[in-house]
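A.B. asks: Can you keep this structure in mind? I'll have questions shortly.
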Amino acid sequence: MKIFKKSLSHELIYTATALFFILIGIIVAQRAGFLVGSAAKGWIPNDAIMTMLGFSLIRYLPIIMSLTTFLAVLMTLSRWYRDSEMIIWLTAGLGITKWVRPIISFAIPVVIVIALLSFLVMPWATQKTEDYRVEIESRDESTSLSPGVFNESNSEGLNKPERVYYLESFNELGDVFKNVFIQSMQHEETGIMVAAKGSKFTAENGDLFILLENGRRYQGEANTAEISTTEFERHAIRLETKELAEEPIKVGTIPSTVLFASDAPSYQAELHSRLGIPISAIILALLAIPLSFVDPRAGRSLSLMLAILIFIIYSNMLNIFEAWVTQSKVSTFVGLWPVHFAFALLTIYLFHRRNQLLPILPTGLNLIPDSAKRKKEKSA
């Protein structure tokens with residue numbers, strides 16, 4: 001029995017560690033691609049990519065760890081079925097229900113970490129993400145400018161960008177530009193300014209300007225050939241500051257202690273959602289035991305595809321019930337428990353089903369192949 005527990009624990013930890021880093025890599029690659037694309041379009045500044053990526057990763061950690069635990073149990077036991085190691089343990093009298101205790105022992109520490117992340121770290125990370133987003137949106141236009149990229153500055157009420165910037169390069173401090181191109185739209189007239197050099201400065205009243213030096217301005221009406229050209233030595237362009245309207249507090253940023261003390265449906269729905277992550281993690285870990293049975297005639301990836309489908313359905317059902325609780329379609333007392341109860345029943349049913357389908361190997365069963373038996377009889 002000690003050999004069984006030690007072997008299972010060692011392989012579960014090894015598989016879970018590998019899966020965790022693989023899932024982390026997938027999330028980082030996906031989020032990094034999205035954020036880099038947003039920075040290239042001028043939606044966020046370049047210096048915000050790593051910070052927002054870090055906060056996003058923290059917010060996804062409970063889900064990643066839950067999926068890691070589920071897949072680690074599934075893949076480990078599936079491999080034991082494929083390599084016939086499970087037959088050895090079944091012959092030794094270890095039925096499928098004997099796997100519950102070692103799996104629980106492996107999953108409980110992970111579930112505790114998931115609960116701490118869900119109740120304490122996720123609200124903090126969500127709040128920091130919102131604070132950083134507000135800070136980015138309140139910055140002036142110059143902070144979103146990237147060298148070698150066309151950057152758009154959108155103005156409310158206009159279908160076209162108010163200004164388009166192109167700066168060939170910055171100095172080390174980022175306040176002096178070279179080879180500046182600015183296109184602006186004002187009073188249905190398009191204006192284009194090009195300058196060999198530009199810099200930022202702040203006026204006495206606190207307004208921020210871009211000062212262009214040794215440049216030209218081309219201006220003309222749309223759909224006409226009339227263009228006026230003006231040369232200048234110095235020309236200042238005022239950068240618009242953004243005034244953000246106050247937004248309602250997002251439920252995901254509220255500390256868990258406040259959620260426990262409130263009876264509001266939206267607060268209770270969020271509380272059930274945070275509680276649901278560790279509960280679903282332990283249910284999925286147990287569900288992986290009967291789900292890991294592999295039919296030798298079936299493909300190796302069949303159980304894995306089924307497991308991912310179950311995980312997606314479970315997560316979506318939790319999201320649906322959370323929305324229903326928020327909209328008062330489901331009582332806050334009921335919450336998300338019907339979903340957990342349904343998947344717990346599915347787990348119990350699959351355990352019962354596997355107990356009926358798995359062969360009962362008698363004690364002392366001779367596992368010598370028939371070909372070896374025949375050779376032994378001939379030699380005798």
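As shown in the structure tokens, the chain order sets the letters A, B, ...; within each chain, residues go from 1, and ligands are also counted from 1 in the order they appear.
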Applying 7 Å and only C-alpha atoms, which residues near range 321-336 of chain A remain after dropping the ones on its own chain fewer than 4 positions away? List them as a PyMOL selection string.
C.D. replies: chain A and resi 265-266+268-269+272-273+317+340
A.B. asks: One decimal, in Å: what's the spacing between CA of Ile192 in chain A and CA of Val180 in chain A?
C.D. replies: 10.5 Å
A.B. asks: Calculated over only C-alpha atoms, which of the candidates A:Ser38, A:Ser256, A:Ser262, A:Thr69 has the smallest distance to Pro109 in chain A?
C.D. replies: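 Among the listed residues, the smallest separation from Pro109 in chain A belongs to A:Thr69.
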A.B. asks: Could you write out, as a PyMOL selection string, all the residues of range 302-349 of chain A that DSSP marks as alpha helix (DSSP H)?
C.D. replies: chain A and resi 302-326+337-349
A.B. asks: Those same residues, written as a CSV table (one decimal), in the first residue's frame with N, CA and C atoms?
C.D. replies:
chain,number,residue,atom,x,y,z
A,302,LEU,N,-9.1,10.4,-26.5
A,302,LEU,CA,-10.6,10.5,-26.3
A,302,LEU,C,-11.0,11.0,-24.9
A,303,SER,N,-10.3,10.4,-23.8
A,303,SER,CA,-10.7,10.8,-22.5
A,303,SER,C,-10.2,12.2,-22.2
A,304,LEU,N,-9.1,12.6,-22.8
A,304,LEU,CA,-8.7,14.0,-22.6
A,304,LEU,C,-9.6,15.0,-23.2
A,305,MET,N,-10.1,14.7,-24.4
A,305,MET,CA,-11.1,15.6,-25.0
A,305,MET,C,-12.4,15.7,-24.3
A,306,LEU,N,-12.8,14.5,-23.8
A,306,LEU,CA,-14.0,14.5,-22.9
A,306,LEU,C,-13.8,15.3,-21.7
A,307,ALA,N,-12.7,15.2,-21.0
A,307,ALA,CA,-12.4,15.9,-19.8
A,307,ALA,C,-12.4,17.4,-20.0
A,308,ILE,N,-11.8,17.9,-21.1
A,308,ILE,CA,-11.8,19.3,-21.4
A,308,ILE,C,-13.3,19.8,-21.7
A,309,LEU,N,-14.0,19.0,-22.4
A,309,LEU,CA,-15.4,19.3,-22.7
A,309,LEU,C,-16.2,19.4,-21.3
A,310,ILE,N,-16.0,18.5,-20.4
A,310,ILE,CA,-16.7,18.5,-19.1
A,310,ILE,C,-16.3,19.8,-18.4
A,311,PHE,N,-15.0,20.1,-18.4
A,311,PHE,CA,-14.5,21.3,-17.7
A,311,PHE,C,-15.2,22.6,-18.3
A,312,ILE,N,-15.3,22.7,-19.6
A,312,ILE,CA,-15.9,23.8,-20.2
A,312,ILE,C,-17.4,23.9,-19.8
A,313,ILE,N,-18.1,22.8,-19.9
A,313,ILE,CA,-19.5,22.8,-19.5
A,313,ILE,C,-19.7,23.2,-18.1
A,314,TYR,N,-18.9,22.7,-17.2
A,314,TYR,CA,-18.9,23.0,-15.8
A,314,TYR,C,-18.8,24.5,-15.6
A,315,SER,N,-17.7,25.1,-16.2
A,315,SER,CA,-17.4,26.5,-16.0
A,315,SER,C,-18.6,27.3,-16.6
A,316,ASN,N,-19.1,27.0,-17.7
A,316,ASN,CA,-20.2,27.8,-18.4
A,316,ASN,C,-21.4,27.7,-17.5
A,317,MET,N,-21.7,26.5,-17.0
A,317,MET,CA,-22.9,26.4,-16.1
A,317,MET,C,-22.8,27.3,-14.9
A,318,LEU,N,-21.6,27.3,-14.3
A,318,LEU,CA,-21.4,28.2,-13.2
A,318,LEU,C,-21.6,29.7,-13.5
A,319,ASN,N,-21.1,30.1,-14.7
A,319,ASN,CA,-21.3,31.4,-15.1
A,319,ASN,C,-22.7,31.8,-15.4
A,320,ILE,N,-23.5,30.8,-15.9
A,320,ILE,CA,-24.9,31.0,-16.2
A,320,ILE,C,-25.7,31.2,-14.9
A,321,PHE,N,-25.4,30.3,-13.9
A,321,PHE,CA,-26.1,30.5,-12.6
A,321,PHE,C,-25.7,31.7,-11.9
A,322,GLU,N,-24.4,32.1,-12.1
A,322,GLU,CA,-24.0,33.4,-11.4
A,322,GLU,C,-24.8,34.6,-12.0
A,323,ALA,N,-25.0,34.6,-13.3
A,323,ALA,CA,-25.8,35.6,-14.0
A,323,ALA,C,-27.2,35.6,-13.5
A,324,TRP,N,-27.8,34.4,-13.3
A,324,TRP,CA,-29.2,34.2,-12.8
A,324,TRP,C,-29.3,34.7,-11.4
A,325,VAL,N,-28.3,34.5,-10.6
A,325,VAL,CA,-28.4,35.0,-9.2
A,325,VAL,C,-28.3,36.5,-9.2
A,326,THR,N,-27.4,37.1,-10.0
A,326,THR,CA,-27.3,38.5,-10.1
A,326,THR,C,-28.6,39.1,-10.6
A,337,TRP,N,-25.1,26.1,-6.1
A,337,TRP,CA,-25.1,24.8,-5.6
A,337,TRP,C,-25.7,23.7,-6.5
A,338,PRO,N,-26.8,24.0,-7.3
A,338,PRO,CA,-27.3,23.0,-8.2
A,338,PRO,C,-26.3,22.5,-9.2
A,339,VAL,N,-25.4,23.3,-9.7
A,339,VAL,CA,-24.4,22.9,-10.6
A,339,VAL,C,-23.4,22.0,-9.9
A,340,HIS,N,-22.9,22.3,-8.7
A,340,HIS,CA,-22.0,21.5,-8.0
A,340,HIS,C,-22.7,20.1,-7.7
A,341,PHE,N,-23.9,20.2,-7.3
A,341,PHE,CA,-24.7,19.0,-6.9
A,341,PHE,C,-24.8,18.1,-8.1
A,342,ALA,N,-25.1,18.6,-9.3
A,342,ALA,CA,-25.2,17.8,-10.5
A,342,ALA,C,-23.9,17.1,-10.9
A,343,PHE,N,-22.8,17.8,-10.8
A,343,PHE,CA,-21.5,17.2,-11.1
A,343,PHE,C,-21.1,16.2,-10.1
A,344,ALA,N,-21.5,16.5,-8.8
A,344,ALA,CA,-21.2,15.5,-7.8
A,344,ALA,C,-21.9,14.2,-8.0
A,345,LEU,N,-23.2,14.3,-8.4
A,345,LEU,CA,-24.0,13.1,-8.7
A,345,LEU,C,-23.4,12.4,-9.9
A,346,LEU,N,-22.9,13.2,-10.9
A,346,LEU,CA,-22.3,12.5,-12.1
A,346,LEU,C,-21.0,11.7,-11.7
A,347,THR,N,-20.3,12.3,-10.7
A,347,THR,CA,-19.1,11.6,-10.2
A,347,THR,C,-19.5,10.3,-9.5
A,348,ILE,N,-20.5,10.3,-8.7
A,348,ILE,CA,-20.9,9.1,-8.0
A,348,ILE,C,-21.4,8.1,-9.0
A,349,TYR,N,-22.2,8.5,-10.0
A,349,TYR,CA,-22.7,7.6,-11.0
A,349,TYR,C,-21.6,6.9,-11.7
